[in-house]
$ cat target-v2.txt   # compact mmCIF, C-alpha atoms
# COMPACT_ATOMS: atom_id res chain seq x y z
CA MET A 1 17.32 1.77 -6.05
CA ALA A 2 13.78 1.26 -4.96
CA ALA A 3 13.20 -1.62 -2.61
CA THR A 4 10.36 -3.95 -3.50
CA LEU A 5 8.81 -6.18 -0.88
CA THR A 6 5.86 -8.38 -1.73
CA THR A 7 3.53 -9.74 0.93
CA LYS A 8 1.87 -13.15 0.94
CA PHE A 9 0.19 -15.61 3.26
CA TRP A 10 -0.26 -19.36 2.91
CA ASP A 11 -3.82 -20.71 3.10
CA GLY A 12 -2.77 -24.34 3.33
CA ASP A 13 -2.88 -24.82 -0.40
CA SER A 14 -1.63 -21.69 -2.16
CA TRP A 15 -0.21 -18.21 -1.60
CA ASN A 16 -2.53 -15.22 -1.39
CA ASP A 17 -2.20 -11.45 -1.37
CA PRO A 18 -3.20 -10.15 2.05
CA ALA A 19 -5.61 -7.32 2.61
CA LYS A 20 -6.21 -7.56 6.35
CA ILE A 21 -5.35 -9.35 9.54
CA VAL A 22 -8.58 -10.13 11.37
CA PHE A 23 -9.21 -11.19 14.95
CA THR A 24 -12.70 -12.61 15.35
CA SER A 25 -14.51 -15.74 16.44
CA PRO A 26 -13.06 -19.16 15.55
CA ASN A 27 -16.58 -20.58 15.18
CA MET A 28 -16.90 -20.02 11.46
CA ASP A 29 -15.99 -22.19 8.51
CA SER A 30 -12.64 -21.57 6.92
CA PRO A 31 -12.26 -20.36 4.27
CA ASN A 32 -15.09 -17.89 4.56
CA THR A 33 -16.14 -14.86 2.56
CA ALA A 34 -13.95 -11.82 3.13
CA GLY A 35 -15.57 -9.39 5.51
CA THR A 36 -17.41 -12.01 7.55
CA ARG A 37 -17.23 -11.27 11.26
CA SER A 38 -18.62 -12.94 14.37
CA HIS A 39 -17.72 -10.76 17.27
CA VAL A 40 -16.44 -12.04 20.55
CA LEU A 41 -16.89 -10.47 23.95
CA PRO A 42 -13.55 -10.09 25.70
CA ASP A 43 -12.56 -12.94 28.00
CA LEU A 44 -15.66 -15.02 27.29
CA MET A 45 -14.31 -17.21 24.53
CA ASP A 46 -11.29 -17.66 22.32
CA ILE A 47 -10.44 -15.23 19.57
CA ALA A 48 -9.09 -16.65 16.34
CA LEU A 49 -6.50 -15.22 13.97
CA TRP A 50 -7.65 -14.93 10.36
CA TYR A 51 -5.86 -13.70 7.28
CA GLU A 52 -8.02 -12.08 4.64
CA ASP A 53 -7.51 -11.34 0.96
CA THR A 54 -9.97 -9.49 -1.23
CA SER A 55 -12.14 -12.60 -1.68
CA ASN A 56 -11.79 -14.91 1.29
CA MET A 57 -10.62 -15.12 4.86
CA TYR A 58 -8.72 -18.06 6.32
CA ARG A 59 -8.51 -19.14 9.94
CA ILE A 60 -4.86 -19.46 10.97
CA THR A 61 -5.05 -20.09 14.71
CA ASN A 62 -8.02 -20.82 16.96
CA ASN A 63 -6.82 -18.81 19.94
CA GLN A 64 -4.35 -16.16 21.01
CA ASP A 65 -2.04 -18.32 23.08
CA VAL A 66 1.53 -17.12 23.04
CA PRO A 67 3.69 -19.19 20.69
CA THR A 68 6.48 -20.97 22.45
CA SER A 69 8.97 -21.46 19.68
CA ILE A 70 10.39 -20.33 16.42
CA ILE A 71 12.36 -23.45 15.76
CA PHE A 72 15.35 -23.84 13.53
CA GLU A 73 17.14 -27.04 12.95
CA PHE A 74 20.75 -26.66 12.06
CA TYR A 75 22.39 -28.14 9.04
CA GLY A 76 23.27 -31.79 9.14
CA GLU A 77 21.84 -34.43 11.34
CA LEU A 78 21.40 -32.24 14.34
CA HIS A 79 18.07 -31.57 15.86
CA SER A 80 18.87 -28.50 17.81
CA SER A 81 16.45 -25.65 18.14
CA PHE A 82 16.00 -22.19 19.39
CA ASP A 83 13.19 -21.95 21.84
CA PHE A 84 12.00 -18.91 23.67
CA ALA A 85 11.51 -19.17 27.38
CA GLY A 86 8.40 -17.06 27.60
CA SER A 87 9.82 -13.65 26.85
CA ASN A 88 11.12 -11.91 23.79
CA THR A 89 14.52 -11.22 25.29
CA THR A 90 15.59 -14.71 26.18
CA MET A 91 16.23 -17.41 23.67
CA THR A 92 17.39 -20.80 24.73
CA LEU A 93 19.24 -23.33 22.64
CA TYR A 94 18.21 -26.90 23.23
CA ASP A 95 20.17 -29.89 22.11
CA GLN A 96 19.96 -33.45 23.23
CA THR A 97 22.73 -35.02 21.18
CA GLY A 98 25.95 -33.22 21.95
CA ALA A 99 26.90 -33.37 18.27
CA THR A 100 28.72 -30.59 16.45
CA GLY A 101 27.01 -28.04 14.32
CA ASP A 102 27.31 -24.96 12.18
CA TRP A 103 27.36 -22.34 14.90
CA PRO A 104 27.79 -18.62 15.10
CA THR A 105 31.32 -17.38 15.41
CA ALA A 106 33.17 -16.74 18.62
CA GLY A 107 31.44 -14.57 21.11
CA ALA A 108 27.97 -15.55 20.14
CA VAL A 109 27.31 -18.04 22.88
CA TYR A 110 27.29 -17.53 26.60
CA TYR A 111 26.63 -19.84 29.46
CA ASN A 112 23.62 -19.93 31.68
CA ASN A 113 23.89 -21.44 35.13
CA ALA A 114 25.90 -24.65 34.89
CA ASN A 115 25.25 -25.19 31.22
CA TYR A 116 27.47 -23.78 28.51
CA PHE A 117 28.50 -24.06 24.91
CA ASP A 118 32.15 -24.24 23.93
CA TYR A 119 32.36 -22.67 20.50
CA THR A 120 35.97 -23.67 20.02
CA ALA A 121 35.33 -27.35 20.51
CA LYS A 122 31.80 -26.99 19.19
CA THR A 123 30.38 -29.07 21.95
CA TRP A 124 27.84 -28.17 24.57
CA ASN A 125 26.07 -29.35 27.60
CA PRO A 126 22.46 -30.12 26.93
CA ASN A 127 19.62 -27.75 27.72
CA ASN A 128 19.30 -24.18 28.78
CA ILE A 129 22.16 -22.62 26.88
CA ILE A 130 21.65 -18.96 26.22
CA LEU A 131 22.75 -17.23 23.05
CA GLY A 132 23.29 -13.62 23.88
CA THR A 133 25.55 -10.82 24.86
CA GLY A 134 25.80 -11.33 28.56
CA THR A 135 23.42 -12.62 31.13
CA ASP A 136 20.67 -15.11 30.72
CA THR A 137 18.24 -12.28 30.09
CA GLY A 138 20.51 -10.34 27.74
CA THR A 139 19.45 -9.09 24.38
CA LEU A 140 20.51 -11.38 21.61
CA THR A 141 22.77 -9.73 19.09
CA ALA A 142 25.14 -12.31 17.75
CA VAL A 143 23.11 -14.90 15.96
CA SER A 144 23.01 -13.04 12.65
CA GLY A 145 24.52 -15.25 9.97
CA THR A 146 23.63 -18.49 11.66
CA ASN A 147 22.74 -21.19 9.18
CA ILE A 148 19.31 -22.52 9.88
CA PHE A 149 16.91 -25.18 8.73
CA LEU A 150 13.24 -24.24 8.89
CA ASP A 151 10.73 -27.00 9.41
CA PRO A 152 7.12 -25.82 9.55
CA SER A 153 6.04 -29.05 11.19
CA LEU A 154 8.09 -28.18 14.25
CA ALA A 155 7.64 -24.47 14.77
CA ASP A 156 4.81 -22.56 16.40
CA VAL A 157 5.70 -19.66 14.14
CA ASN A 158 6.65 -20.51 10.57
CA PHE A 159 6.08 -19.62 6.95
CA GLU A 160 2.77 -21.44 6.85
CA ASN A 161 1.04 -19.50 9.59
CA SER A 162 2.72 -16.13 9.14
CA MET A 163 2.48 -13.07 7.00
CA VAL A 164 5.50 -13.31 4.75
CA TYR A 165 7.41 -10.43 3.19
CA GLU A 166 9.74 -11.33 0.36
CA MET A 167 12.26 -8.84 -0.91
CA THR A 168 12.33 -9.04 -4.70
CA LEU A 169 14.38 -5.99 -5.61
CA GLY A 170 16.93 -3.60 -4.19
CA GLU A 171 18.00 -2.88 -0.65
CA ALA A 172 16.00 -1.65 2.32
CA TYR A 173 17.49 0.06 5.35
CA ASN A 174 16.29 0.52 8.92
CA VAL A 175 13.47 -1.97 8.51
CA TYR A 176 10.92 -2.33 11.27
CA LEU A 177 7.39 -3.62 11.79
CA THR A 178 4.76 -1.79 13.81
CA ALA A 179 1.06 -0.94 13.99
CA TRP A 180 -1.03 2.23 13.69
CA ASP A 181 -4.65 3.29 13.97
CA ASP A 182 -5.38 3.73 10.31
CA ASP A 183 -4.08 4.60 6.87
CA THR A 184 -2.38 7.76 8.14
CA HIS A 185 0.33 5.62 9.82
CA SER A 186 0.57 8.42 12.35
CA SER A 187 -1.61 7.78 15.41
CA THR A 188 -2.08 5.06 18.02
CA ASP A 189 -5.22 6.33 19.70
CA ASN A 190 -6.58 2.81 19.99
CA THR A 191 -7.09 0.65 23.06
CA VAL A 192 -5.55 -2.43 21.52
CA ILE A 193 -2.43 -0.67 20.29
CA SER A 194 -1.80 1.83 23.06
CA GLY A 195 -2.48 -0.86 25.64
CA SER A 196 0.27 -3.07 24.17
CA HIS A 197 -2.25 -5.78 23.35
CA TYR A 198 -1.06 -6.23 19.75
CA ARG A 199 2.10 -8.28 19.43
CA ALA A 200 4.01 -10.34 16.93
CA ALA A 201 6.40 -13.24 16.79
CA GLY A 202 8.67 -13.23 13.79
CA CYS A 203 11.96 -13.82 12.09
CA ALA A 204 14.00 -12.45 9.20
CA CYS A 205 16.18 -14.72 7.13
CA TYR A 206 17.68 -15.38 3.75
CA ILE A 207 16.48 -18.58 2.14
CA THR A 208 18.94 -20.78 0.36
CA GLY A 209 18.33 -22.75 -2.80
CA ASP A 210 15.01 -23.88 -4.24
CA THR A 211 14.41 -21.14 -6.75
CA ALA A 212 11.41 -23.00 -8.14
CA THR A 213 9.36 -22.15 -5.08
CA PRO A 214 8.89 -18.43 -4.61
CA TYR A 215 8.09 -18.86 -0.95
CA PRO A 216 9.04 -21.74 1.27
CA ALA A 217 6.01 -23.67 2.48
CA GLY A 218 4.93 -27.23 2.76
CA ALA A 219 8.48 -28.42 3.14
CA SER A 220 11.62 -27.77 5.11
CA THR A 221 13.90 -25.01 3.92
CA TYR A 222 17.48 -23.95 4.48
CA GLY A 223 18.18 -20.39 5.39
CA THR A 224 20.41 -17.90 7.13
CA LEU A 225 19.27 -15.86 10.07
CA ILE A 226 19.49 -12.10 9.46
CA ASP A 227 18.90 -10.91 12.98
CA VAL A 228 17.45 -12.00 16.24
CA PRO A 229 13.92 -13.40 16.07
CA VAL A 230 11.23 -12.04 18.37
CA LEU A 231 8.54 -14.00 20.10
CA ASP A 232 6.15 -11.54 21.70
CA GLN A 233 7.11 -8.11 20.44
CA VAL A 234 4.70 -5.25 21.19
CA LEU A 235 3.71 -3.29 18.07
CA ASN A 236 2.76 0.25 19.00
CA GLY A 237 3.61 3.03 16.54
CA ASN A 238 6.92 4.65 17.27
CA THR A 239 6.78 3.64 20.92
CA SER A 240 7.49 -0.05 20.48
CA ASN A 241 8.19 -2.00 17.35
CA TRP A 242 10.17 -4.88 15.92
CA GLN A 243 13.50 -3.59 14.64
CA ILE A 244 14.03 -6.22 11.99
CA SER A 245 17.30 -5.21 10.40
CA ASP A 246 19.57 -2.27 9.55
CA SER A 247 19.79 -3.62 6.03
CA LEU A 248 17.86 -6.15 3.95
CA ARG A 249 18.91 -6.95 0.42
CA TYR A 250 17.73 -8.92 -2.54
CA ASN A 251 20.20 -11.54 -3.63
CA ALA A 252 20.40 -12.75 -7.20
CA VAL A 253 18.90 -16.18 -7.53
CA ASP A 254 22.00 -17.58 -9.17
CA SER A 255 23.96 -16.91 -6.01
CA GLY A 256 21.96 -19.68 -4.40
CA VAL A 257 19.99 -17.34 -2.20
CA SER A 258 16.69 -15.69 -2.88
CA GLY A 259 15.45 -13.29 -0.29
CA ALA A 260 15.38 -11.67 2.14
CA TYR A 261 12.30 -12.94 3.89
CA VAL A 262 10.53 -11.53 6.90
CA PHE A 263 7.73 -13.52 8.45
CA PHE A 264 5.61 -12.77 11.47
CA ARG A 265 2.56 -14.16 13.23
CA PRO A 266 0.48 -11.55 15.04
CA ARG A 267 -1.57 -12.10 18.17
CA LEU A 268 -3.63 -10.28 20.77
CA TYR A 269 -2.31 -10.31 24.30
CA ASN A 270 -4.29 -10.13 27.52
CA ILE A 271 -7.72 -9.39 26.10
CA THR A 272 -9.73 -9.46 29.31
CA SER A 273 -13.09 -8.17 30.44
CA ALA A 274 -11.32 -4.92 31.26
CA ILE A 275 -11.22 -4.13 27.55
CA PRO A 276 -14.22 -1.97 26.62
CA TYR A 277 -16.58 -3.60 24.15
CA GLY A 278 -16.09 -2.39 20.63
CA VAL A 279 -14.62 -2.95 17.21
CA TYR A 280 -10.96 -2.04 17.09
CA ASP A 281 -9.51 -1.36 13.68
CA PHE A 282 -5.80 -0.97 13.26
CA ILE A 283 -3.22 -1.78 10.63
CA THR A 284 0.19 -3.37 10.53
CA THR A 285 2.92 -1.56 8.63
CA LEU A 286 6.45 -2.26 7.48
CA HIS A 287 8.71 0.79 7.65
CA PHE A 288 11.90 1.01 5.63
CA GLN A 289 14.19 3.30 3.69
CA TYR A 290 15.57 2.98 0.17
CA THR A 291 17.80 4.93 -2.15
CA MET B 1 5.46 -1.49 -9.50
CA ASP B 2 1.85 -0.40 -9.09
CA TYR B 3 2.09 3.18 -7.87
CA ARG B 4 -1.70 3.56 -7.91
CA LYS B 5 -2.11 0.82 -5.33
CA GLN B 6 0.44 2.47 -3.08
CA LEU B 7 -1.54 5.72 -3.25
CA GLN B 8 -4.96 4.07 -2.91
CA HIS B 9 -5.67 5.83 0.39
CA VAL B 10 -4.59 9.25 -0.82
CA LYS B 11 -7.34 11.74 -1.68
CA GLN B 12 -7.03 15.00 -3.57
CA LEU B 13 -3.57 14.18 -4.87
CA GLY B 14 -3.06 17.24 -7.00
CA SER B 15 -0.31 19.43 -8.24
CA GLU B 16 1.04 19.98 -4.76
CA ASP B 17 0.06 17.40 -2.19
CA GLY B 18 -2.39 14.72 -1.14
CA MET B 19 -4.55 13.96 1.89
CA VAL B 20 -4.92 10.73 3.84
CA TYR B 21 -7.86 10.70 6.24
CA GLY B 22 -7.87 8.57 9.37
CA LYS B 23 -10.26 8.14 12.25
CA THR B 24 -8.86 10.99 14.29
CA ASN B 25 -6.00 12.24 12.21
CA LYS B 26 -5.45 13.77 8.81
CA VAL B 27 -2.16 13.49 6.99
CA THR B 28 -1.01 15.75 4.23
CA MET B 29 1.98 14.57 2.28
CA VAL B 30 3.87 15.70 -0.76
CA ASN B 31 2.93 14.50 -4.20
CA PRO B 32 5.52 11.74 -4.64
CA HIS B 33 5.39 12.06 -8.41
CA LYS B 34 6.64 15.64 -8.20
CA THR B 35 9.28 15.40 -5.52
CA TYR B 36 12.87 14.77 -6.58
CA PHE B 37 16.53 15.67 -6.08
CA ILE B 38 18.51 18.01 -8.30
CA ALA B 39 22.22 17.27 -8.63
CA HIS B 40 24.55 19.88 -10.08
CA TYR B 41 27.84 18.94 -11.81
CA PRO B 42 30.86 20.88 -13.08
CA GLY B 43 30.20 22.90 -16.22
CA GLY B 44 26.62 23.63 -15.26
CA LYS B 45 25.31 20.14 -15.96
CA ILE B 46 22.18 19.29 -13.97
CA ILE B 47 20.61 15.88 -13.39
CA LYS B 48 17.12 15.75 -11.93
CA GLY B 49 15.75 12.73 -10.11
CA ASN B 50 12.55 11.01 -11.16
CA ASN B 51 10.13 10.83 -8.23
CA LEU B 52 9.91 9.24 -4.80
CA PHE B 53 8.96 5.80 -6.11
CA ASP B 54 11.87 5.44 -8.50
CA THR B 55 14.24 8.13 -7.35
CA GLY B 56 16.96 7.74 -9.97
CA TRP B 57 19.68 8.06 -7.34
CA ASP B 58 21.62 4.85 -8.04
CA PRO B 59 22.68 5.63 -11.65
CA LEU B 60 23.77 9.13 -10.63
CA PRO B 61 27.49 9.70 -11.33
CA ASP B 62 30.00 10.89 -8.75
CA GLY B 63 31.31 14.44 -8.86
CA ILE B 64 28.37 16.33 -7.39
CA VAL B 65 28.99 20.05 -6.99
CA LYS B 66 25.71 20.96 -5.38
CA LEU B 67 22.68 18.96 -4.26
CA GLU B 68 19.15 20.29 -3.84
CA TYR B 69 15.78 18.76 -3.11
CA GLN B 70 12.60 19.91 -4.84
CA LEU B 71 9.31 19.19 -3.07
CA SER B 72 5.96 19.24 -4.82
CA THR B 73 4.88 22.01 -2.45
CA GLY B 74 7.46 24.33 -3.97
CA HIS B 75 10.03 24.03 -1.22
CA VAL B 76 13.59 23.80 -2.49
CA ILE B 77 16.04 22.51 0.13
CA LYS B 78 19.68 23.26 -0.50
CA ILE B 79 21.91 20.57 0.97
CA PRO B 80 25.24 21.76 2.44
CA ARG B 81 28.39 20.59 0.71
CA PHE B 82 29.81 17.27 1.88
CA ARG B 83 32.49 14.86 0.69
CA ALA B 84 29.88 12.23 -0.17
CA TYR B 85 26.11 11.91 -0.17
CA LEU B 86 23.60 9.12 0.41
CA HIS B 87 19.94 9.63 -0.37
CA LEU B 88 17.26 7.58 1.44
CA VAL B 89 13.47 7.76 1.23
CA GLU B 90 11.62 6.70 4.39
CA VAL B 91 8.23 5.05 3.82
CA SER B 92 5.76 2.76 5.52
CA ASP B 93 3.68 0.16 3.70
CA SER B 94 0.51 -1.34 5.09
CA LEU B 95 -0.37 -4.96 4.39
CA ASP B 96 -2.79 -3.95 1.64
CA GLY B 97 -0.03 -2.03 -0.10
CA GLY B 98 -0.90 1.53 0.88
CA ARG B 99 2.13 3.76 1.39
CA ILE B 100 2.94 6.87 3.40
CA PHE B 101 6.08 8.89 2.56
CA HIS B 102 7.52 10.16 5.82
CA ALA B 103 10.82 11.82 5.02
CA VAL B 104 13.89 12.02 2.84
CA HIS B 105 17.19 11.55 4.59
CA ILE B 106 20.29 12.98 2.96
CA LYS B 107 23.38 11.61 4.65
CA GLY B 108 26.50 13.67 4.15
CA MET B 109 29.99 12.49 4.94
CA THR B 110 32.43 15.11 6.18
CA ASN B 111 36.19 15.18 5.68
CA ASN B 112 36.77 13.51 9.04
CA ASN B 113 34.45 10.65 8.04
CA LYS B 114 31.62 11.71 10.29
CA VAL B 115 28.12 11.57 8.91
CA THR B 116 25.52 14.30 9.22
CA LYS B 117 21.93 13.40 8.49
CA ILE B 118 19.65 16.01 6.99
CA THR B 119 16.03 14.92 7.26
CA VAL B 120 13.48 16.64 5.06
CA ILE B 121 9.92 16.09 6.33
CA LEU B 122 7.47 14.96 3.63
CA LYS B 123 4.20 14.83 5.60
CA GLN B 124 2.37 16.65 8.31
CA ASP B 125 -0.55 15.72 10.52
CA LEU B 126 -2.52 16.87 13.53
CA TYR B 127 -0.18 15.28 16.07
CA SER B 128 3.34 15.83 14.81
CA LYS B 129 5.14 19.11 15.47
CA PHE B 130 6.87 18.88 12.11
CA LYS B 131 5.49 20.28 8.87
CA ILE B 132 6.23 19.50 5.24
CA GLY B 133 9.55 20.99 4.30
CA ASP B 134 10.91 21.14 7.85
CA ILE B 135 14.54 20.15 8.12
CA ILE B 136 16.12 18.22 10.97
CA VAL B 137 19.91 18.10 11.13
CA SER B 138 21.53 15.47 13.31
CA GLU B 139 24.75 13.56 13.71
CA ASP B 140 24.30 10.04 12.36
CA ALA B 141 25.96 7.49 14.58
CA GLN B 142 24.54 4.62 12.57
CA GLN B 143 26.91 3.45 9.90
CA THR B 144 25.10 2.90 6.62
CA LEU B 145 26.89 0.45 4.39
CA SER B 146 25.68 1.08 0.88
CA SER B 147 27.01 1.06 -2.63
CA SER B 148 24.85 4.10 -3.32
CA TRP B 149 27.08 6.74 -1.73
CA LYS B 150 27.93 9.45 -4.28
CA LEU B 151 31.17 11.40 -4.08
CA ALA B 152 31.25 15.15 -4.36
CA ALA B 153 33.46 16.90 -6.87
CA VAL B 154 37.04 17.31 -5.66
$ encode --input "target-v2.txt" --output "structure tokens"
Amino acid sequence: MAATLTTKFWDGDSWNDPAKIVFTSPNMDSPNTAGTRSHVLPDLMDIALWYEDTSNMYRITNNQDVPTSIIFEFYGELHSSFDFAGSNTTMTLYDQTGATGDWPTAGAVYYNNANYFDYTAKTWNPNNIILGTGTDTGTLTAVSGTNIFLDPSLADVNFENSMVYEMTLGEAYNVYLTAWDDDTHSSTDNTVISGSHYRAAGCACYITGDTATPYPAGASTYGTLIDVPVLDQVLNGNTSNWQISDSLRYNAVDSGVSGAYVFFRPRLYNITSAIPYGVYDFITTLHFQYT
Amino acid sequence: MDYRKQLQHVKQLGSEDGMVYGKTNKVTMVNPHKTYFIAHYPGGKIIKGNNLFDTGWDPLPDGIVKLEYQLSTGHVIKIPRFRAYLHLVEVSDSLDGGRIFHAVHIKGMTNNNKVTKITVILKQDLYSKFKIGDIIVSEDAQQTLSSSWKLAAV
């Protein structure tokens, strides 16, 4: 079956069909006419992130600071959250209450330093608890299936400031996000891409309930994590990309789940005066397989 | 599904193939409307797939005797006999909806439950060493859970 994934972005009021991601000056009104550019010399002032459809462009962020969190609150009264500690391989679980929650199954949680989570008793010491496969810098592999609660008011990266893919039909396999020079999806002969300056923070999840809203925005939403989120993943052709999932599927709405969803917020990293002046065009692509 | 939007960047899409021009690269890929599988069944029955957008694989019945792949360029790839087959089309979509077809992967399960992946290349460009119609055979360590596996005839 063919896999159908639609792409949208939220402009603060409604959903739009994206045409481009644009990095240009923040010193322009938003929304502005699509195609408007005010170029910025590297390292002299902030660069803003804009999303553009065929009519308008919308300023999403005013700078390229690294996001610090993709926050999920767990079901219930808890106010726990995942928070990245400045790299895309370490994710820390913070909790200040010590209350129980809906956690991943055994084996998903490991200790870091003197702090630990006991998944049998479902209690934990506060702060600095690492979810992962081994050490405190281990790759996270076991959080798939975790029940989550997305609150856009809390997260640096959320549905309201991200490009959002929604799966509306079929199944997709070996899904990953990356970037290429142009429409050939075959070359990375581009300073921004080959220099690992283009990155993304993102998450894939199934969203539970609320079938009246095609995309979750403007309110908190329940969901289920599909795989490990990334915070600062380099997007560079086949060299480096965000491996989102081995398998994404569309779930019938009457099962209480509509999805899957993949959302990501792109950024430019380390744009200094060492970058030659110029206009750098590149495109972001979602790769997948279907039957 | 709007196939025209997905082929918006493709020029000269004719009877055989289409071109996508980049800044430094040029991609030639098969015509996705004229690329499909051919499944043979006992008694000489043949079922042809549709195209690369809507392949027609899922409604295919079990009991395949022989599987082939027809490319728009005229290549016909004969797939070795396996106990079961899974057909996957590899694509990439840009944010504006443009699509490149990279390859078709035919996964074949052997009698000892190992999976061989036969990759049929669907595009060529100035950088890749592979050309349209090239075949890459590899062991597939990745387990693909799918309801779309089709059994071969006993």
$ closest_atom_pairs --input "target-v2.txt" --of "chain B" --to "chain A" --cutoff "7 Å" --atoms "all atoms listed in the file" --output "CSV"
residue,atom,partner,partner_atom,distance
B:His9,CA,A:Asp183,CA,6.8
B:Val20,CA,A:Thr184,CA,5.8
B:Tyr21,CA,A:Thr184,CA,6.5
B:Gly22,CA,A:Asp182,CA,5.5
B:Lys23,CA,A:Asp182,CA,6.9
B:Lys26,CA,A:Thr184,CA,6.8
B:Val27,CA,A:Thr184,CA,5.8
B:Phe53,CA,A:Ala2,CA,6.7
B:Asp54,CA,A:Ala2,CA,5.8
B:Trp57,CA,A:Thr291,CA,6.3
B:Asp58,CA,A:Met1,CA,5.7
B:His87,CA,A:Thr291,CA,5.5
B:Leu88,CA,A:Thr291,CA,4.5
B:Val89,CA,A:Gln289,CA,5.1
B:Glu90,CA,A:Gln289,CA,4.3
B:Val91,CA,A:His287,CA,5.7
B:Ser92,CA,A:His287,CA,4.1
B:Asp93,CA,A:Leu286,CA,5.3
B:Ser94,CA,A:Thr285,CA,4.3
B:Leu95,CA,A:Ala19,CA,6.0
B:Asp96,CA,A:Ala19,CA,4.5
$ residues_around --input "target-v2.txt" --residues "Trp149 of chain B" --least-positions-apart "3" --cutoff "10 Å" --atoms "all atoms listed in the file" --output "list in words"
Thr291 of chain A; Trp57, Asp58, Leu60, Asp62, Ala84, Tyr85, Leu86, His87, Lys107, Gly108, Met109, Thr144, Leu145, Ser146 and Ala152 of chain B
$ atom_distance --input "target-v2.txt" --atom1 "atom CA of Arg265 of chain A" --atom2 "atom CA of Asp2 of chain B"
26.2 Å
$ atom_distance --input "target-v2.txt" --atom1 "atom CA of Met19 of chain B" --atom2 "atom CA of His33 of chain B"
14.4 Å
$ residues_around --input "target-v2.txt" --residues "Val76 of chain B" --least-positions-apart "6" --cutoff "12 Å" --atoms "only C-alpha atoms" --output "VMD selection string"
chain B and resid 35 to 38 67 to 70 120 132 to 135
$ residues_around --input "target-v2.txt" --residues "segment 39-49 of chain B" --least-positions-apart "3" --cutoff "6 Å" --atoms "all atoms listed in the file" --output "list of chain:residue names"
B:Tyr36, B:Thr55, B:Gly56, B:Ile64, B:Val65, B:Lys66, B:Leu67
$ closest_residue --input "target-v2.txt" --among "A:Phe264, A:Tyr198, A:Phe23, A:Tyr280" --to "Ile47 of chain A" --atoms "all atoms listed in the file"
A:Phe23
$ atom_distance --input "target-v2.txt" --atom1 "atom CA of Ser194 of chain A" --atom2 "atom CA of Tyr269 of chain A"
12.2 Å
$ closest_residue --input "target-v2.txt" --among "B:Gly97, B:Phe130, B:Ala141, B:Ile79" --to "Ile118 of chain B" --atoms "only C-alpha atoms"
B:Ile79
$ closest_residue --input "target-v2.txt" --among "A:Ala48, A:Met57, A:Leu248, A:Val157" --to "Thr33 of chain A" --atoms "all atoms listed in the file"
A:Met57
$ residues_around --input "target-v2.txt" --residues "Asn56 of chain A" --least-positions-apart "5" --cutoff "9 Å" --atoms "all atoms listed in the file" --output "list of chain:residue names"
A:Ser30, A:Pro31, A:Asn32, A:Thr33, A:Ala34, A:Gly35, A:Thr36, A:Tyr51
$ closest_residue --input "target-v2.txt" --among "A:Asp46, A:Asp29, A:Asp11, A:Asp232" --to "Glu160 of chain A" --atoms "all atoms listed in the file"
A:Asp11
$ closest_residue --input "target-v2.txt" --among "A:Pro26, A:Pro266, A:Pro229, A:Pro276" --to "Pro42 of chain A" --atoms "all atoms listed in the file"
A:Pro276
$ closest_residue --input "target-v2.txt" --among "B:Asn50, B:Arg99, B:Met29, B:Phe82" --to "Tyr3 of chain B" --atoms "only C-alpha atoms"
B:Arg99
$ decode --input "target-v2.txt" --residues "segment 177-186 of chain A" --atoms "N, CA and C atoms" --output "CSV table (one decimal), in the first residue's frame"
chain,number,residue,atom,x,y,z
A,177,LEU,N,15.0,11.5,7.9
A,177,LEU,CA,14.9,12.9,7.4
A,177,LEU,C,16.4,13.3,7.1
A,178,THR,N,16.6,14.0,6.0
A,178,THR,CA,17.9,14.5,5.7
A,178,THR,C,17.8,15.7,4.8
A,179,ALA,N,18.9,16.2,4.3
A,179,ALA,CA,18.9,17.4,3.4
A,179,ALA,C,19.9,17.2,2.3
A,180,TRP,N,19.5,17.8,1.1
A,180,TRP,CA,20.3,17.7,-0.1
A,180,TRP,C,20.4,19.1,-0.7
A,181,ASP,N,21.3,19.1,-1.7
A,181,ASP,CA,21.5,20.4,-2.5
A,181,ASP,C,20.3,20.9,-3.1
A,182,ASP,N,19.6,20.0,-3.8
A,182,ASP,CA,18.5,20.5,-4.8
A,182,ASP,C,17.6,19.4,-5.0
A,183,ASP,N,16.8,19.6,-6.1
A,183,ASP,CA,15.7,18.6,-6.3
A,183,ASP,C,16.2,17.2,-6.8
A,184,THR,N,17.5,17.1,-7.0
A,184,THR,CA,17.9,15.8,-7.4
A,184,THR,C,18.0,14.8,-6.2
A,185,HIS,N,18.0,15.4,-5.0
A,185,HIS,CA,18.1,14.6,-3.8
A,185,HIS,C,19.4,13.6,-3.9
A,186,SER,N,20.4,14.1,-4.4
A,186,SER,CA,21.6,13.2,-4.7
A,186,SER,C,22.9,13.9,-4.4
